[in-house]
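**Q** My structure file coords-v3.pdb, PDB, C-alpha atoms, pLDDT in the B column, is below:
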```
ATOM      1  CA  GLY A   1       0.000   0.000   0.000  1.00 58.00           C
ATOM      2  CA  GLN A   2       0.904   3.634  -0.080  1.00 75.00           C
ATOM      3  CA  ASN A   3       1.852   5.721   2.933  1.00 91.00           C
ATOM      4  CA  ILE A   4       1.291   9.462   2.854  1.00 95.00           C
ATOM      5  CA  ASP A   5       1.685  11.507   6.026  1.00 96.00           C
ATOM      6  CA  GLN A   6       0.737  15.104   6.738  1.00 97.00           C
ATOM      7  CA  PRO A   7      -0.114  16.922   9.954  1.00 97.00           C
ATOM      8  CA  THR A   8      -3.729  16.805  11.068  1.00 96.00           C
ATOM      9  CA  GLU A   9      -4.173  20.460  11.992  1.00 97.00           C
ATOM     10  CA  MET A  10      -2.372  23.798  11.792  1.00 97.00           C
ATOM     11  CA  THR A  11      -3.368  27.253  12.993  1.00 97.00           C
ATOM     12  CA  ALA A  12      -1.968  30.557  11.792  1.00 96.00           C
ATOM     13  CA  THR A  13      -2.733  34.265  11.889  1.00 97.00           C
ATOM     14  CA  GLU A  14      -4.105  36.279   9.001  1.00 97.00           C
ATOM     15  CA  GLY A  15      -1.232  37.692   6.934  1.00 97.00           C
ATOM     16  CA  ALA A  16       1.238  35.069   8.136  1.00 97.00           C
ATOM     17  CA  ILE A  17       2.892  32.156   6.320  1.00 97.00           C
ATOM     18  CA  VAL A  18       2.129  28.485   6.890  1.00 97.00           C
ATOM     19  CA  GLN A  19       4.035  25.469   5.576  1.00 98.00           C
ATOM     20  CA  ILE A  20       2.269  22.121   5.304  1.00 98.00           C
ATOM     21  CA  ASN A  21       4.625  19.166   5.048  1.00 98.00           C
ATOM     22  CA  CYS A  22       3.894  15.868   3.321  1.00 98.00           C
ATOM     23  CA  THR A  23       6.046  12.753   3.366  1.00 98.00           C
ATOM     24  CA  TYR A  24       5.316   9.733   1.236  1.00 96.00           C
ATOM     25  CA  GLN A  25       6.347   6.155   0.542  1.00 94.00           C
ATOM     26  CA  THR A  26       4.762   4.788  -2.622  1.00 87.00           C
ATOM     27  CA  SER A  27       5.286   2.065  -5.174  1.00 86.00           C
ATOM     28  CA  GLY A  28       6.702   4.222  -7.945  1.00 89.00           C
ATOM     29  CA  PHE A  29       6.216   7.944  -8.423  1.00 91.00           C
ATOM     30  CA  ASN A  30       4.514   9.877 -11.202  1.00 91.00           C
ATOM     31  CA  GLY A  31       3.844  13.242  -9.635  1.00 93.00           C
ATOM     32  CA  LEU A  32       2.547  14.902  -6.480  1.00 96.00           C
ATOM     33  CA  PHE A  33      -0.589  17.028  -6.235  1.00 96.00           C
ATOM     34  CA  TRP A  34      -1.951  19.436  -3.665  1.00 97.00           C
ATOM     35  CA  TYR A  35      -5.682  20.040  -3.399  1.00 97.00           C
ATOM     36  CA  GLN A  36      -7.689  22.508  -1.303  1.00 98.00           C
ATOM     37  CA  GLN A  37     -10.999  21.419   0.183  1.00 97.00           C
ATOM     38  CA  HIS A  38     -13.363  23.749   1.999  1.00 97.00           C
ATOM     39  CA  ALA A  39     -15.773  22.145   4.449  1.00 94.00           C
ATOM     40  CA  GLY A  40     -18.670  20.470   2.652  1.00 93.00           C
ATOM     41  CA  GLU A  41     -17.184  21.067  -0.789  1.00 96.00           C
ATOM     42  CA  ALA A  42     -15.204  19.167  -3.408  1.00 96.00           C
ATOM     43  CA  PRO A  43     -11.406  19.148  -3.513  1.00 97.00           C
ATOM     44  CA  THR A  44     -10.014  21.710  -5.970  1.00 96.00           C
ATOM     45  CA  PHE A  45      -6.625  21.445  -7.663  1.00 95.00           C
ATOM     46  CA  LEU A  46      -3.868  23.724  -6.363  1.00 96.00           C
ATOM     47  CA  SER A  47      -0.522  22.486  -7.655  1.00 95.00           C
ATOM     48  CA  TYR A  48       1.439  19.711  -9.322  1.00 95.00           C
ATOM     49  CA  ASN A  49       5.100  18.735  -8.965  1.00 96.00           C
ATOM     50  CA  VAL A  50       6.859  15.970 -10.852  1.00 94.00           C
ATOM     51  CA  LEU A  51      10.443  17.287 -10.813  1.00 95.00           C
ATOM     52  CA  ASP A  52      12.437  18.394  -7.790  1.00 97.00           C
ATOM     53  CA  GLY A  53      12.160  22.033  -6.867  1.00 97.00           C
ATOM     54  CA  LEU A  54       9.735  24.819  -6.181  1.00 97.00           C
ATOM     55  CA  GLU A  55       6.612  25.644  -8.172  1.00 94.00           C
ATOM     56  CA  GLU A  56       5.161  29.067  -7.424  1.00 94.00           C
ATOM     57  CA  LYS A  57       1.609  30.092  -8.177  1.00 91.00           C
ATOM     58  CA  GLY A  58       0.650  33.420  -6.640  1.00 94.00           C
ATOM     59  CA  ARG A  59       0.413  33.146  -2.855  1.00 96.00           C
ATOM     60  CA  PHE A  60       0.825  29.373  -2.999  1.00 97.00           C
ATOM     61  CA  SER A  61       4.069  27.481  -3.640  1.00 97.00           C
ATOM     62  CA  SER A  62       4.794  23.769  -3.644  1.00 98.00           C
ATOM     63  CA  PHE A  63       8.147  22.053  -3.240  1.00 98.00           C
ATOM     64  CA  LEU A  64       9.205  18.513  -4.057  1.00 98.00           C
ATOM     65  CA  SER A  65      12.222  16.377  -3.173  1.00 98.00           C
ATOM     66  CA  ARG A  66      11.840  12.951  -4.752  1.00 96.00           C
ATOM     67  CA  SER A  67      14.951  11.518  -3.108  1.00 95.00           C
ATOM     68  CA  LYS A  68      13.567  12.385   0.338  1.00 96.00           C
ATOM     69  CA  GLY A  69       9.940  11.493  -0.428  1.00 96.00           C
ATOM     70  CA  TYR A  70       8.987  14.951   0.762  1.00 97.00           C
ATOM     71  CA  SER A  71       6.865  17.868  -0.340  1.00 98.00           C
ATOM     72  CA  TYR A  72       5.519  21.004   1.232  1.00 98.00           C
ATOM     73  CA  LEU A  73       2.816  23.512   0.400  1.00 98.00           C
ATOM     74  CA  LEU A  74       3.579  27.092   1.386  1.00 98.00           C
ATOM     75  CA  LEU A  75       0.715  29.506   1.869  1.00 97.00           C
ATOM     76  CA  LYS A  76       1.776  33.150   2.065  1.00 97.00           C
ATOM     77  CA  GLU A  77      -0.135  36.269   3.130  1.00 97.00           C
ATOM     78  CA  LEU A  78      -2.816  34.114   4.691  1.00 98.00           C
ATOM     79  CA  GLN A  79      -6.411  35.202   4.288  1.00 98.00           C
ATOM     80  CA  MET A  80      -9.484  34.040   6.181  1.00 97.00           C
ATOM     81  CA  LYS A  81     -10.710  32.281   3.041  1.00 97.00           C
ATOM     82  CA  ASP A  82      -7.623  30.042   3.170  1.00 98.00           C
ATOM     83  CA  SER A  83      -9.167  28.209   6.132  1.00 98.00           C
ATOM     84  CA  ALA A  84      -9.663  24.770   4.602  1.00 98.00           C
ATOM     85  CA  SER A  85      -8.286  21.256   4.443  1.00 97.00           C
ATOM     86  CA  TYR A  86      -5.220  20.729   2.246  1.00 98.00           C
ATOM     87  CA  LEU A  87      -4.751  17.302   0.690  1.00 97.00           C
ATOM     88  CA  CYS A  88      -1.440  15.857  -0.459  1.00 97.00           C
ATOM     89  CA  ALA A  89      -1.816  13.193  -3.171  1.00 96.00           C
ATOM     90  CA  VAL A  90       0.823  11.063  -4.866  1.00 95.00           C
ATOM     91  CA  ARG A  91       0.439   9.352  -8.237  1.00 92.00           C
ATOM     92  CA  ASP A  92       2.107   5.968  -8.024  1.00 86.00           C
ATOM     93  CA  GLY A  93       3.687   3.641 -10.552  1.00 83.00           C
ATOM     94  CA  ASP A  94       0.245   2.362 -11.607  1.00 82.00           C
ATOM     95  CA  TYR A  95      -0.809   5.963 -12.250  1.00 83.00           C
ATOM     96  CA  LYS A  96      -3.305   5.900  -9.380  1.00 88.00           C
ATOM     97  CA  LEU A  97      -3.671   8.748  -6.874  1.00 91.00           C
ATOM     98  CA  SER A  98      -3.246   8.039  -3.181  1.00 93.00           C
ATOM     99  CA  PHE A  99      -4.297  10.766  -0.762  1.00 95.00           C
ATOM    100  CA  GLY A 100      -3.110  11.762   2.657  1.00 95.00           C
ATOM    101  CA  ALA A 101      -5.764  12.324   5.321  1.00 95.00           C
ATOM    102  CA  GLY A 102      -5.496  16.088   4.886  1.00 96.00           C
ATOM    103  CA  THR A 103      -4.318  19.025   6.992  1.00 97.00           C
ATOM    104  CA  THR A 104      -6.959  21.360   8.370  1.00 97.00           C
ATOM    105  CA  VAL A 105      -5.657  24.934   8.392  1.00 98.00           C
ATOM    106  CA  THR A 106      -7.436  27.482  10.553  1.00 98.00           C
ATOM    107  CA  VAL A 107      -6.673  31.146   9.909  1.00 98.00           C
ATOM    108  CA  ARG A 108      -7.332  33.452  12.839  1.00 96.00           C
ATOM    109  CA  ALA A 109      -7.809  37.204  12.696  1.00 94.00           C
TER     110      ALA A 109
ATOM    111  CA  THR B   1     -19.264  24.782 -18.292  1.00 57.00           C
ATOM    112  CA  ALA B   2     -20.844  22.332 -15.841  1.00 68.00           C
ATOM    113  CA  GLY B   3     -17.722  20.198 -15.406  1.00 93.00           C
ATOM    114  CA  ILE B   4     -18.737  17.234 -13.302  1.00 96.00           C
ATOM    115  CA  THR B   5     -22.187  16.782 -11.821  1.00 97.00           C
ATOM    116  CA  GLN B   6     -23.282  14.219  -9.257  1.00 98.00           C
ATOM    117  CA  ALA B   7     -26.727  13.146  -8.119  1.00 98.00           C
ATOM    118  CA  PRO B   8     -28.221  12.988  -5.634  1.00 98.00           C
ATOM    119  CA  THR B   9     -26.605  15.609  -3.392  1.00 97.00           C
ATOM    120  CA  SER B  10     -27.497  13.554  -0.341  1.00 97.00           C
ATOM    121  CA  GLN B  11     -29.433  10.415   0.467  1.00 97.00           C
ATOM    122  CA  ILE B  12     -30.542   8.406   3.464  1.00 97.00           C
ATOM    123  CA  LEU B  13     -30.804   4.721   2.624  1.00 97.00           C
ATOM    124  CA  ALA B  14     -32.043   1.720   4.576  1.00 98.00           C
ATOM    125  CA  ALA B  15     -29.545  -1.108   4.981  1.00 98.00           C
ATOM    126  CA  GLY B  16     -30.057  -3.839   2.420  1.00 97.00           C
ATOM    127  CA  ARG B  17     -31.449  -1.495  -0.227  1.00 97.00           C
ATOM    128  CA  SER B  18     -29.682  -0.833  -3.506  1.00 97.00           C
ATOM    129  CA  MET B  19     -28.773   2.549  -4.876  1.00 97.00           C
ATOM    130  CA  THR B  20     -26.998   4.090  -7.854  1.00 98.00           C
ATOM    131  CA  LEU B  21     -24.975   7.264  -7.521  1.00 98.00           C
ATOM    132  CA  ARG B  22     -24.804   9.171 -10.779  1.00 98.00           C
ATOM    133  CA  CYS B  23     -21.838  11.031 -12.218  1.00 98.00           C
ATOM    134  CA  THR B  24     -21.683  12.927 -15.510  1.00 98.00           C
ATOM    135  CA  GLN B  25     -18.863  15.003 -16.984  1.00 97.00           C
ATOM    136  CA  ASP B  26     -18.946  17.287 -20.015  1.00 95.00           C
ATOM    137  CA  MET B  27     -15.193  17.780 -20.441  1.00 93.00           C
ATOM    138  CA  ARG B  28     -14.705  14.711 -22.701  1.00 93.00           C
ATOM    139  CA  HIS B  29     -12.177  13.333 -20.237  1.00 94.00           C
ATOM    140  CA  ASN B  30     -11.272   9.728 -20.929  1.00 93.00           C
ATOM    141  CA  ALA B  31     -10.638   8.685 -17.315  1.00 94.00           C
ATOM    142  CA  MET B  32     -13.138   8.718 -14.439  1.00 96.00           C
ATOM    143  CA  TYR B  33     -12.905   7.728 -10.794  1.00 97.00           C
ATOM    144  CA  TRP B  34     -15.019   7.114  -7.705  1.00 98.00           C
ATOM    145  CA  TYR B  35     -13.687   7.918  -4.223  1.00 98.00           C
ATOM    146  CA  ARG B  36     -15.137   7.788  -0.762  1.00 98.00           C
ATOM    147  CA  GLN B  37     -14.060  10.248   1.916  1.00 97.00           C
ATOM    148  CA  ASP B  38     -14.259   9.354   5.591  1.00 95.00           C
ATOM    149  CA  LEU B  39     -13.104  11.440   8.523  1.00 88.00           C
ATOM    150  CA  GLY B  40      -9.458  10.825   9.315  1.00 85.00           C
ATOM    151  CA  LEU B  41      -8.929   8.506   6.369  1.00 86.00           C
ATOM    152  CA  GLY B  42      -8.802  10.818   3.408  1.00 88.00           C
ATOM    153  CA  LEU B  43     -10.013   9.984  -0.066  1.00 95.00           C
ATOM    154  CA  ARG B  44      -9.888   6.304  -1.028  1.00 96.00           C
ATOM    155  CA  LEU B  45     -10.313   5.014  -4.578  1.00 96.00           C
ATOM    156  CA  ILE B  46     -13.255   2.637  -5.086  1.00 97.00           C
ATOM    157  CA  HIS B  47     -13.279   2.028  -8.843  1.00 97.00           C
ATOM    158  CA  TYR B  48     -11.886   3.718 -11.901  1.00 95.00           C
ATOM    159  CA  SER B  49     -12.246   3.700 -15.674  1.00 95.00           C
ATOM    160  CA  ASN B  50      -9.401   4.657 -17.999  1.00 92.00           C
ATOM    161  CA  THR B  51     -11.678   4.813 -21.037  1.00 93.00           C
ATOM    162  CA  ALA B  52     -15.250   4.027 -22.063  1.00 95.00           C
ATOM    163  CA  GLY B  53     -15.896   0.285 -21.938  1.00 95.00           C
ATOM    164  CA  THR B  54     -13.227  -0.495 -19.322  1.00 95.00           C
ATOM    165  CA  THR B  55     -13.258  -0.418 -15.519  1.00 96.00           C
ATOM    166  CA  GLY B  56     -10.860  -1.368 -12.738  1.00 95.00           C
ATOM    167  CA  LYS B  57     -10.836  -1.906  -8.990  1.00 95.00           C
ATOM    168  CA  GLY B  58      -9.330   0.580  -6.609  1.00 94.00           C
ATOM    169  CA  GLU B  59      -8.343   0.309  -2.974  1.00 93.00           C
ATOM    170  CA  VAL B  60     -11.831  -0.367  -1.520  1.00 96.00           C
ATOM    171  CA  PRO B  61     -14.029  -1.958  -4.235  1.00 97.00           C
ATOM    172  CA  ASP B  62     -16.013  -4.483  -2.163  1.00 97.00           C
ATOM    173  CA  GLY B  63     -19.763  -3.837  -2.137  1.00 97.00           C
ATOM    174  CA  TYR B  64     -19.615  -1.488  -5.132  1.00 98.00           C
ATOM    175  CA  SER B  65     -19.886  -1.907  -8.890  1.00 98.00           C
ATOM    176  CA  VAL B  66     -19.462   0.493 -11.809  1.00 98.00           C
ATOM    177  CA  SER B  67     -20.065   0.635 -15.531  1.00 97.00           C
ATOM    178  CA  ARG B  68     -18.787   2.920 -18.277  1.00 97.00           C
ATOM    179  CA  ALA B  69     -21.061   2.653 -21.264  1.00 97.00           C
ATOM    180  CA  ASN B  70     -19.969   6.006 -22.705  1.00 97.00           C
ATOM    181  CA  THR B  71     -17.412   8.770 -22.125  1.00 96.00           C
ATOM    182  CA  ASP B  72     -19.637  11.068 -20.083  1.00 97.00           C
ATOM    183  CA  ASP B  73     -21.297   8.823 -17.486  1.00 98.00           C
ATOM    184  CA  PHE B  74     -19.834   6.699 -14.698  1.00 98.00           C
ATOM    185  CA  PRO B  75     -22.505   5.431 -12.267  1.00 98.00           C
ATOM    186  CA  LEU B  76     -21.627   3.737  -8.979  1.00 98.00           C
ATOM    187  CA  THR B  77     -24.000   1.061  -7.652  1.00 98.00           C
ATOM    188  CA  LEU B  78     -24.366  -0.282  -4.144  1.00 98.00           C
ATOM    189  CA  ALA B  79     -26.184  -3.604  -4.550  1.00 95.00           C
ATOM    190  CA  SER B  80     -27.067  -4.080  -0.873  1.00 97.00           C
ATOM    191  CA  ALA B  81     -26.073  -1.132   1.283  1.00 97.00           C
ATOM    192  CA  VAL B  82     -24.501  -1.580   4.730  1.00 98.00           C
ATOM    193  CA  PRO B  83     -23.937   1.061   7.452  1.00 97.00           C
ATOM    194  CA  SER B  84     -20.150   1.038   6.821  1.00 97.00           C
ATOM    195  CA  GLN B  85     -20.879   2.523   3.404  1.00 98.00           C
ATOM    196  CA  THR B  86     -22.016   5.728   5.060  1.00 98.00           C
ATOM    197  CA  SER B  87     -19.619   8.268   3.575  1.00 98.00           C
ATOM    198  CA  VAL B  88     -19.220  11.174   1.185  1.00 98.00           C
ATOM    199  CA  TYR B  89     -18.701   9.942  -2.373  1.00 98.00           C
ATOM    200  CA  PHE B  90     -16.776  11.978  -4.929  1.00 98.00           C
ATOM    201  CA  CYS B  91     -16.589  11.347  -8.635  1.00 98.00           C
ATOM    202  CA  ALA B  92     -13.580  12.703 -10.538  1.00 97.00           C
ATOM    203  CA  SER B  93     -12.345  12.802 -14.105  1.00 96.00           C
ATOM    204  CA  SER B  94      -9.063  13.457 -15.884  1.00 93.00           C
ATOM    205  CA  ASP B  95      -7.668  13.730 -19.374  1.00 89.00           C
ATOM    206  CA  SER B  96      -4.891  11.162 -19.383  1.00 75.00           C
ATOM    207  CA  LYS B  97      -3.971  11.672 -23.032  1.00 62.00           C
ATOM    208  CA  GLY B  98      -1.552  14.488 -22.242  1.00 55.00           C
ATOM    209  CA  GLY B  99      -0.483  17.147 -19.781  1.00 64.00           C
ATOM    210  CA  THR B 100      -0.489  16.561 -16.054  1.00 76.00           C
ATOM    211  CA  ASP B 101      -3.549  14.270 -16.004  1.00 83.00           C
ATOM    212  CA  THR B 102      -4.984  16.328 -13.143  1.00 90.00           C
ATOM    213  CA  GLN B 103      -8.138  14.927 -11.580  1.00 93.00           C
ATOM    214  CA  TYR B 104     -11.117  17.262 -11.207  1.00 94.00           C
ATOM    215  CA  PHE B 105     -13.812  16.464  -8.683  1.00 97.00           C
ATOM    216  CA  GLY B 106     -17.596  16.647  -8.646  1.00 97.00           C
ATOM    217  CA  PRO B 107     -19.501  18.221  -5.735  1.00 97.00           C
ATOM    218  CA  GLY B 108     -20.022  14.896  -3.933  1.00 97.00           C
ATOM    219  CA  THR B 109     -22.904  12.790  -2.654  1.00 98.00           C
ATOM    220  CA  ARG B 110     -23.415  12.441   1.079  1.00 97.00           C
ATOM    221  CA  LEU B 111     -24.824   8.960   1.761  1.00 98.00           C
ATOM    222  CA  THR B 112     -26.135   7.737   5.090  1.00 98.00           C
ATOM    223  CA  VAL B 113     -26.993   4.038   5.455  1.00 98.00           C
ATOM    224  CA  LEU B 114     -29.163   3.205   8.455  1.00 96.00           C
TER     225      LEU B 114
END
```
Translate this file's structure into structure tokens.

**A**
Amino acid sequence: GQNIDQPTEMTATEGAIVQINCTYQTSGFNGLFWYQQHAGEAPTFLSYNVLDGLEEKGRFSSFLSRSKGYSYLLLKELQMKDSASYLCAVRDGDYKLSFGAGTTVTVRA
Amino acid sequence: TAGITQAPTSQILAAGRSMTLRCTQDMRHNAMYWYRQDLGLGLRLIHYSNTAGTTGKGEVPDGYSVSRANTDDFPLTLASAVPSQTSVYFCASSDSKGGTDTQYFGPGTRLTVL
């Protein structure tokens, strides 16, 4: 099976920066995805990494190190609307997505 | 565009009854997926279809069946529901013929089996 670990909860202040870590052990690797999911809604795509390094997309950045089985999602200039669950997902050698349990981020004023 | 639609939005079902969850996409994606999401466990793949006419089993397929008669529709059937199938069900689709093959999700169906 696949093993994807991320923290359960994180809390941060509006305007601050939060880093959500994800470690994985999978059978093969074909890319890592981050999704955002607001309570009661569907997951929405945030970012994709397949090569080592940093991908920046506005206030959100995602980093990947394949040799370490490690990724992080960086949320900058936090806004109240960023309060959500963030899902790390790894595409394995069979091209199937395995998801972590998600990290609930709470942004406080 | 509508993207992916799912029906019903929510349902309460008596144990032992059958039910079909509907999923339709208008993006002409070749691949479609069914996941269930349970608190603390994350999304788990039930069944998938890489193209119309083919289906495959995911991580938790027992008690569920699917069909893929055409590109747009991918219904999920519970033949005889049990309380452990209480969950939120998400359908997703992706275009695996190129690019990142990102999966896009429908709004979900909240199912309660009593």

**Q** Would you list which chain A residues are within 10 Å of chain B using all atoms listed in the file, as an MDAnalysis selection string?

**A** chainID A and resid 1 8 30:31 33 35 40:45 47:50 87:89 95:103

**Q** To one decimal in Å, tell me the separation between atom CA of B:Pro75 and atom CA of B:Leu21.

**A**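 These atoms are spaced 5.7 Å apart.
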
**Q** What is the distance, in Å and to one decimal place, between atom CA of A:His38 and atom CA of A:Tyr24?

**A**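 Atom CA of A:His38 sits 23.4 Å away from atom CA of A:Tyr24.
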
**Q** Would you please work out which residue, of B:Val66, B:Met32, B:Leu78, B:Ala52, is nearest to B:Ser18 when using only C-alpha atoms?

**A** B:Leu78

**Q** Which is closest to B:Ser65 among B:Gly53, B:Ala79, B:Ser84, B:Arg28, if we use only C-alpha atoms?

**A**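 Of B:Gly53, B:Ala79, B:Ser84, B:Arg28, the one nearest B:Ser65 is B:Ala79, counting only C-alpha atoms.
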
**Q** Just want the 12 Å neighbourhood of A:Lys57, counted on all atoms listed in the file, with same-chain residues fewer than 3 positions away dropped. Output as a VMD selection string.

**A** chain A and resid 45 to 49 54 60 to 63 73 to 76

**Q** Quick one, how far is atom CA of A:Ala12 from atom CA of A:Lys68?

**A**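 Atom-to-atom, atom CA of A:Ala12 and atom CA of A:Lys68 are spaced 26.5 Å apart.
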
**Q** Written as a list in words, which residues does the PyMOL selection byres ((chain A and resi 23) around 6) give for the file shown?

**A**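 Selected by the PyMOL selection byres ((chain A and resi 23) around 6) here: Ile4, Asp5, Cys22, Tyr24, Gly69 and Tyr70 of chain A.
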
**Q** Please write as a ChimeraX atom specification the list of polymer residues whose atoms come within 8 Å of (5.7, 35.1, 5.3), counting all atoms listed in the file and keeping to the coordinates of the file.

**A** /A:15-18,76-77
